[in-house]
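For reference, the structure discussed in these notes is given below.
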Amino acid sequence: MTTEEIQLNPQQQRLVDETDGIYVVDAGAGTGKTHTITHRYASIVEQPDVEPGDVLLVTFTRNAAEEMRRRIVRESSYSVRELKDAPINNFHGVANQLLNEHGHRTPEYLGIDTVLTSSTSVLENNTIEKQRFRSFYREFRERNDGYRELIQLIDDPSELLDLINNLASKGVIPTQDGWYQNGEQYIQGDWEEFKELFKELNEPTEGVHSPNQSKLKGDLSDYGDKLYTDDAPRCADVRGDEKSIPEHWAEEVFEEDREDLKAFLHDVYFGYLEYALQRNYLNFGFLQMLAYVLLCEDDALRRRVEYPYVMIDEFQDTSEIQFKLALLLAGDSNICAVGDWKQSIYSFQHADVENITDFESRIQRYKQELNRSGRRVTYEVSDVEKLELETSYRSTQPILEFADEGLLAEGSKREDLDEQAIRDEIVELTADTSQQDHSSIEAIAAPDDEEEAVLAKIQEIVEDPGYMVRDENDELRKPTYGDVAVFTRTRSWGRELLNTAAEYGVPVAFEGGIELYRTDQAKTVLAWLRIVDGEAERGWPVVLEELGYSLGEIEEALEQEEYPSDAVEFRDRLREVESVPAVVRRVLDRYGYNGGVADALLEEVESIRDQTEYTLGELAEYMADAVDDGTTVEVETDAGGDSVTVQTIHAAKGLEYPIVLLANVNERQFPSSGGGGGGALKYSDTYGVRQKKIYDDADGDPYIYTNWRYDVLRHVNRKSHDEERRLLYVALTRARDHLLLSAEQGRESEFLENLPVDVEEYVGEPEEVDGSSTTQTEFTVPPVTPDGPRVVAASALASHDFTETDTEVDVAGRRFGGREFGNMVHQYAEDYARERDSDRTIEPPREIADSPDIVHVEELADSLTGELHVEEEVYLPLEVDGEDVLVRGVADLVEVTDSRVRVVDYKTDRTRDAVEGYEVQVGVYRRVLGEVYPDREVEAELYFTAEGESVEVGVSDLDSLRDAAASRL
DNA sequence: AAAATTCTAGTTTTT
DNA sequence: CTAGAATTTT
């Protein structure tokens, strides 16, 4: 703690003094928020008629709650003992306690007769919950044949689980025969708001001379390109012939019969809640949800437990249900919400930034919703006082001002921010320090390797006297490695930096957990669990490979079921061991694994054992799922001394460093673009729950259509880069004295271009440091190696950056680019095949076999004789640049007869580079098929469908093309 | 200058 | 399978 913080400044003092009433406090980065809250708490509690038990202090994490308790003890007259049971807790803790003490029969309010018991546990592990949900959903599907159409649409059950959790975070709760309170409204969406947004988006945009078409109309230019049901209106009708699309579409897309969807959602949601309760567990969402129901239903209890004073920290991270819980827990209008909207970066955890930005209207709306069926919130909420903390004890003035610019930086060329409107929302901070000439802000662009440039820069920082930092007395000193933090957007970039740092011996520690289950140690443990469990084929290969067996030898051993005798002995001894953790321990011992990863693994297995009754086989299944999920686990990463901290921006929230280097500020990384797709169901506050696709097998031919209403509606909910800007802001405001941003030259993020800093080319290679003289992270995190070799495209072998240029063709008066034409040819080929094999469905197996020696096509060899195959994938194991890879080619047509194998690949692009790529691809076919069918003649050829720059192809030509394809086969 | 079409690279973050 | 940029057409 710095000396400045001992005294309270006038704004802080005001917050401490004014204890009665409703306050929203805008407490920016480094404004001494915790310190102030601590004092406010003490000041409330020191009133003669107030006890610690009267003040509810809610924080976001368990750690934050403990930290707060410690500081209150230190700064007030209360002792540890007196505050031991004081309600200083996180939301989940509050809910848990409430249910434990008073809530055993809560499920009854929803029509579920299971009781909560003291042994009901809170499932914290995502992978386990997904597993349980999956098994629930498996049963659900069998029981509910009526929902077949919706079930067909959903290929990943965890999509449903996400939706359920999202609804739970809003207080949308299912009951036996409907929805709790006004839950159904949320599912329906908000027509008024939708109309408003629709209108806004449909305003013509400003052109230089005359108005342009509206954003919405522009967005809908590709409407109609997808497969719609017959009742969908045509593109021209939807878009109309004005600058805006006809107004009536707003209502027509919003109004939709969603009764089946709602019923399905209800039954899944309610069914899973029952399922969890019967199995005696709750997830985070259910925990808060039940506490909410309890407080709503039991008026006497609510009055008994309510608190005269409520304070909530990190308010920008609260969800809707948490805000409502806080209102229910407050007995009077003494509520204090402290936070910083600019640091709201947890929307994926259901944080709703509008809780703080629209505090005044939200608190009124929520009160109204809570009082709809009873008087639950009795106090007045219309008088909300806003306070601001304006002095920052962390960053220098230039850094504070620069960080604000981060909130104004446009993330793409398309974005157009209302700068003034944003500035109006920002409370400008003033730095407390007078020292600031030493402070610097710079941006570097690395022409070749950004990681190396970052490391070189760090070495420069600790050696160059130009970078001075302030000590606790505000005096300047030279920085060390420990003063530097490197932030990244993604975990993976940080991990790579760590590897590069290890090469050069730069002391660097990665903080914030590793993907534990992807380590060699975990893989070995998994293999042994499988062996012990009797899954020989999945376990032994890993173990034997570690012993140096070749692939052939492994196959041989599996076939003969003959394994090395000491390994067999070890297996038999493991089978005698009773507890699962003990098995794991023995395996780790056998391999001499005893570092941080091994410890973490053991700890994990023990905690999983505590949470579930997993058998050995189930644990193996769990570990395999965790590999897929990329589950991360906190591991002790003691770099032992003076080292640079590497962490994600999310992990850095709440921390500060003298020198911050924000790395990988590259396009498409930060802000991340694209993505966001997938999933059959969508939810937004505005339009409610919607189905993206429609499954239909009315004509006996199952088909999935795009829901045309959704296709229009979704535009009204387009995401902007707001949260990414806040993430940028969080990163920038961690810095005390120096701020650096880095990117790859030529790939700089739009953010970087829009920040008021010159991006300078930085060429630098780190000096190699003798590893023994520096400290390294206790273990190095290995790069993620997916099981089996990497798959690369055949054409990529010809050149790493070959570019396709276009050829064009005219078909029936329409012009097609090369790609589109190629797709069309392809479609013809497929239609042809479908016609020919109408009574047979072709389902080529998509999975690559475990062993790289097994070529995929082989599995089809016998069954396919004499038949036509469309779009077959072939894989060829090759060594490329010293790495074993599977080279993938996708052939358009494959024909296999007793004497011959023929592959035809249609292409349109004849540019030199492309042809080169295709030739490699065809060579791959030739070779792979030659290996699979050694005694047959193998032909593989390219068939160019468009010559030169532009080719005229009429419909008749396509017919002849089809005939040609047919005659070849 | 505006609208339409095509191309490209991406698909995180973790209480 | 999508958002957003880039390019082409009107």
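By order in the structure tokens, chains are A, B, ...; within a chain, residues start at 1; ligands start at 1, following the order shown.
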Asp113 of chain A environment, 10 Å, only C-alpha atoms (C1' of nucleotides), sequence neighbours closer than 4 positions dropped, as a ChimeraX atom specification: /A:105-109,274,277-278
For Lys195 of chain A: contacts at 10 Å, only C-alpha atoms (C1' of nucleotides), fewer than 4 positions along chain excluded, given as a list in words: Asp190, Trp191, Lys199, Glu200, Leu201, Glu247, Ala250, Glu251, Phe254, Thr686, Tyr687 and Val716 of chain A
Let's have the selection written as a compact mmCIF listing (two decimals), in the first residue's frame, with C-alpha atoms.
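See again22.txt below for the written result:
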# COMPACT_ATOMS: atom_id res chain seq x y z
CA ASP A 190 -38.79 -7.18 -26.06
CA TRP A 191 -40.87 -6.00 -29.01
CA LYS A 199 -35.78 1.40 -36.88
CA GLU A 200 -32.41 2.78 -35.97
CA LEU A 201 -30.59 0.22 -38.07
CA GLU A 247 -41.23 -1.16 -42.16
CA ALA A 250 -39.98 -5.63 -38.31
CA GLU A 251 -43.20 -7.07 -36.99
CA PHE A 254 -40.41 -10.64 -34.73
CA THR A 686 -34.13 -8.08 -27.53
CA TYR A 687 -35.49 -10.88 -29.63
CA VAL A 716 -30.61 -6.24 -34.96
Length of the atom CA of Ser77 of chain A to atom CA of Gly21 of chain A vector [Å]: 24.4 Å
Test item: chain C residues at most 10 Å from chain A, counting only C-alpha atoms (C1' of nucleotides), as a PyMOL selection string: chain C and resi 1-5
Residue set, segment 73-105 of chain A restricted to helix (DSSP H, G or I), as an NGL selection string: :A and (73-75 or 80-83 or 91-102)
Chain A contacts on chain B, only C-alpha atoms (C1' of nucleotides), 7 Å, as JSON, numbers by chain: {"B": [2, 10, 11, 12, 13, 15]}
Selection to disk with N, CA and C atoms (P, O5', C5', C4', C3', O3' and C1' of nucleotides), as a PDB file, in the first residue's frame:
ATOM      1  P    DA B   2     -22.685   7.982 -51.695  1.00  0.00           P
ATOM      2  O5'  DA B   2     -23.203   6.647 -52.375  1.00  0.00           O
ATOM      3  C5'  DA B   2     -24.346   6.727 -53.223  1.00  0.00           C
ATOM      4  C4'  DA B   2     -24.747   5.333 -53.606  1.00  0.00           C
ATOM      5  C3'  DA B   2     -25.025   4.399 -52.430  1.00  0.00           C
ATOM      6  O3'  DA B   2     -26.262   3.821 -52.735  1.00  0.00           O
ATOM      7  C1'  DA B   2     -23.463   3.396 -53.906  1.00  0.00           C
ATOM      8  P    DG B  10      -6.039 -15.237 -39.198  1.00  0.00           P
ATOM      9  O5'  DG B  10      -6.918 -15.855 -38.009  1.00  0.00           O
ATOM     10  C5'  DG B  10      -7.610 -14.918 -37.210  1.00  0.00           C
ATOM     11  C4'  DG B  10      -9.021 -15.361 -37.033  1.00  0.00           C
ATOM     12  C3'  DG B  10      -9.183 -16.632 -36.227  1.00  0.00           C
ATOM     13  O3'  DG B  10      -9.034 -16.290 -34.878  1.00  0.00           O
ATOM     14  C1'  DG B  10     -10.794 -16.443 -37.968  1.00  0.00           C
ATOM     15  P    DT B  11      -8.839 -17.469 -33.885  1.00  0.00           P
ATOM     16  O5'  DT B  11     -10.273 -18.093 -33.581  1.00  0.00           O
ATOM     17  C5'  DT B  11     -11.275 -17.252 -33.013  1.00  0.00           C
ATOM     18  C4'  DT B  11     -12.575 -17.996 -33.070  1.00  0.00           C
ATOM     19  C3'  DT B  11     -12.529 -19.370 -32.448  1.00  0.00           C
ATOM     20  O3'  DT B  11     -12.898 -19.240 -31.100  1.00  0.00           O
ATOM     21  C1'  DT B  11     -13.695 -19.413 -34.522  1.00  0.00           C
ATOM     22  P    DT B  12     -12.077 -20.165 -30.171  1.00  0.00           P
ATOM     23  O5'  DT B  12     -11.799 -18.956 -29.215  1.00  0.00           O
ATOM     24  C5'  DT B  12     -11.123 -18.917 -28.353  1.00  0.00           C
ATOM     25  C4'  DT B  12     -10.084 -18.035 -27.957  1.00  0.00           C
ATOM     26  C3'  DT B  12     -10.023 -18.236 -26.471  1.00  0.00           C
ATOM     27  O3'  DT B  12      -8.713 -17.964 -26.066  1.00  0.00           O
ATOM     28  C1'  DT B  12     -11.040 -16.158 -27.053  1.00  0.00           C
ATOM     29  P    DT B  13      -8.277 -18.260 -24.683  1.00  0.00           P
ATOM     30  O5'  DT B  13      -8.625 -16.893 -23.996  1.00  0.00           O
ATOM     31  C5'  DT B  13      -8.459 -16.738 -22.626  1.00  0.00           C
ATOM     32  C4'  DT B  13      -9.429 -15.700 -22.136  1.00  0.00           C
ATOM     33  C3'  DT B  13     -10.158 -16.165 -20.889  1.00  0.00           C
ATOM     34  O3'  DT B  13      -9.405 -15.715 -19.787  1.00  0.00           O
ATOM     35  C1'  DT B  13     -11.604 -15.007 -22.413  1.00  0.00           C
ATOM     36  P    DT B  15     -11.322 -17.818 -12.786  1.00  0.00           P
ATOM     37  O5'  DT B  15     -12.415 -17.192 -11.798  1.00  0.00           O
ATOM     38  C5'  DT B  15     -12.726 -15.829 -11.878  1.00  0.00           C
ATOM     39  C4'  DT B  15     -14.093 -15.603 -11.278  1.00  0.00           C
ATOM     40  C3'  DT B  15     -14.312 -16.255  -9.906  1.00  0.00           C
ATOM     41  O3'  DT B  15     -15.062 -15.340  -9.115  1.00  0.00           O
ATOM     42  C1'  DT B  15     -15.945 -17.035 -11.426  1.00  0.00           C
TER      43       DT B  15
END
For Lys367 of chain A, the nearest of the candidates A:Leu261, A:Phe323, A:Arg936, A:Tyr393, counting only C-alpha atoms: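 Looking at the shortest contact to Lys367 of chain A, the residue is A:Phe323.
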Val660 of chain A surroundings by only C-alpha atoms (C1' of nucleotides), 9 Å radius, close-in-sequence under 6 positions cut, as a compact mmCIF listing (two decimals) with N, CA, C and O atoms, in the first residue's frame:
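In the end it all went to out26.txt:
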# COMPACT_ATOMS: atom_id res chain seq x y z
N ASP A 483 9.46 -6.26 -12.62
CA ASP A 483 8.59 -5.11 -12.80
C ASP A 483 7.80 -5.15 -14.09
O ASP A 483 6.93 -4.33 -14.32
N VAL A 484 8.17 -6.11 -14.93
CA VAL A 484 7.58 -6.14 -16.28
C VAL A 484 6.49 -7.21 -16.37
O VAL A 484 6.67 -8.33 -15.90
N ALA A 485 5.37 -6.84 -16.98
CA ALA A 485 4.34 -7.83 -17.27
C ALA A 485 4.03 -7.80 -18.75
O ALA A 485 3.94 -6.72 -19.35
N VAL A 486 3.92 -8.97 -19.34
CA VAL A 486 3.49 -9.05 -20.74
C VAL A 486 2.07 -9.58 -20.75
O VAL A 486 1.78 -10.63 -20.19
N PHE A 487 1.18 -8.82 -21.38
CA PHE A 487 -0.22 -9.25 -21.47
C PHE A 487 -0.53 -9.74 -22.88
O PHE A 487 -0.05 -9.16 -23.85
N ALA A 731 -6.12 -3.57 -20.00
CA ALA A 731 -4.69 -3.83 -20.17
C ALA A 731 -3.88 -2.55 -19.97
O ALA A 731 -2.90 -2.53 -19.23
N LEU A 732 -4.33 -1.46 -20.58
CA LEU A 732 -3.56 -0.22 -20.53
C LEU A 732 -3.49 0.35 -19.12
O LEU A 732 -2.49 0.93 -18.71
N ARG A 734 -3.30 -1.15 -16.36
CA ARG A 734 -2.51 -1.89 -15.37
C ARG A 734 -1.16 -1.23 -15.16
O ARG A 734 -0.44 -1.56 -14.22
N ALA A 735 -0.74 -0.38 -16.11
CA ALA A 735 0.64 0.14 -16.11
C ALA A 735 0.80 1.33 -15.18
O ALA A 735 -0.03 2.24 -15.16
N ARG A 736 1.88 1.32 -14.42
CA ARG A 736 2.18 2.45 -13.55
C ARG A 736 3.04 3.50 -14.27
O ARG A 736 2.73 4.67 -14.27
N ASP A 737 4.14 3.05 -14.90
CA ASP A 737 5.09 4.02 -15.45
C ASP A 737 5.31 3.94 -16.95
O ASP A 737 5.47 4.94 -17.60
N HIS A 738 5.34 2.70 -17.44
CA HIS A 738 5.63 2.57 -18.88
C HIS A 738 4.64 1.62 -19.53
O HIS A 738 4.28 0.59 -18.96
N LEU A 739 4.29 2.02 -20.73
CA LEU A 739 3.31 1.24 -21.46
C LEU A 739 3.88 0.96 -22.84
O LEU A 739 4.32 1.86 -23.53
N LEU A 740 3.89 -0.30 -23.23
CA LEU A 740 4.36 -0.65 -24.56
C LEU A 740 3.33 -1.54 -25.24
O LEU A 740 2.71 -2.37 -24.58
N LEU A 741 3.19 -1.33 -26.53
CA LEU A 741 2.32 -2.22 -27.29
C LEU A 741 3.16 -2.82 -28.39
O LEU A 741 4.04 -2.16 -28.93
DSSP strand (DSSP E or B) selection over segment 70-316 of chain A, as a PyMOL selection string: chain A and resi 88-90+121-122+174-175+178-179+204-205+212-214+228+281-282+307+309-312
Within 9 Å of segment 454-456 of chain A using only C-alpha atoms (C1' of nucleotides), minus same-chain residues under 4 positions, as number ranges by chain: A: 444, 446, 449-450, 460-461, 486, 497, 500-501, 504, 506, 661, 663, 742, 763-767
Residue with smallest distance to Arg134 of chain A - pool A:Asn182, A:Pro507, A:Leu116, A:Tyr272, counting only C-alpha atoms: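 Nearest candidate to Arg134 of chain A out of A:Asn182, A:Pro507, A:Leu116, A:Tyr272: A:Tyr272.
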Close residues, Glu82 of chain A itself excluded, 12 Å, only C-alpha atoms (C1' of nucleotides), min 2 positions apart in chain, as a list in words: Val45, Glu51, Pro52, Gly53, Arg69, Ile72, Val73, Ser76, Ser77, Tyr78, Ser79, Val80, Lys84, Asp85, Ala86 and Pro87 of chain A
Residue neighbourhood segment 8-10 of chain C, 8 Å, only C-alpha atoms (C1' of nucleotides), exclusion window fewer than 2 positions, as a PyMOL selection string: chain B and resi 3-5
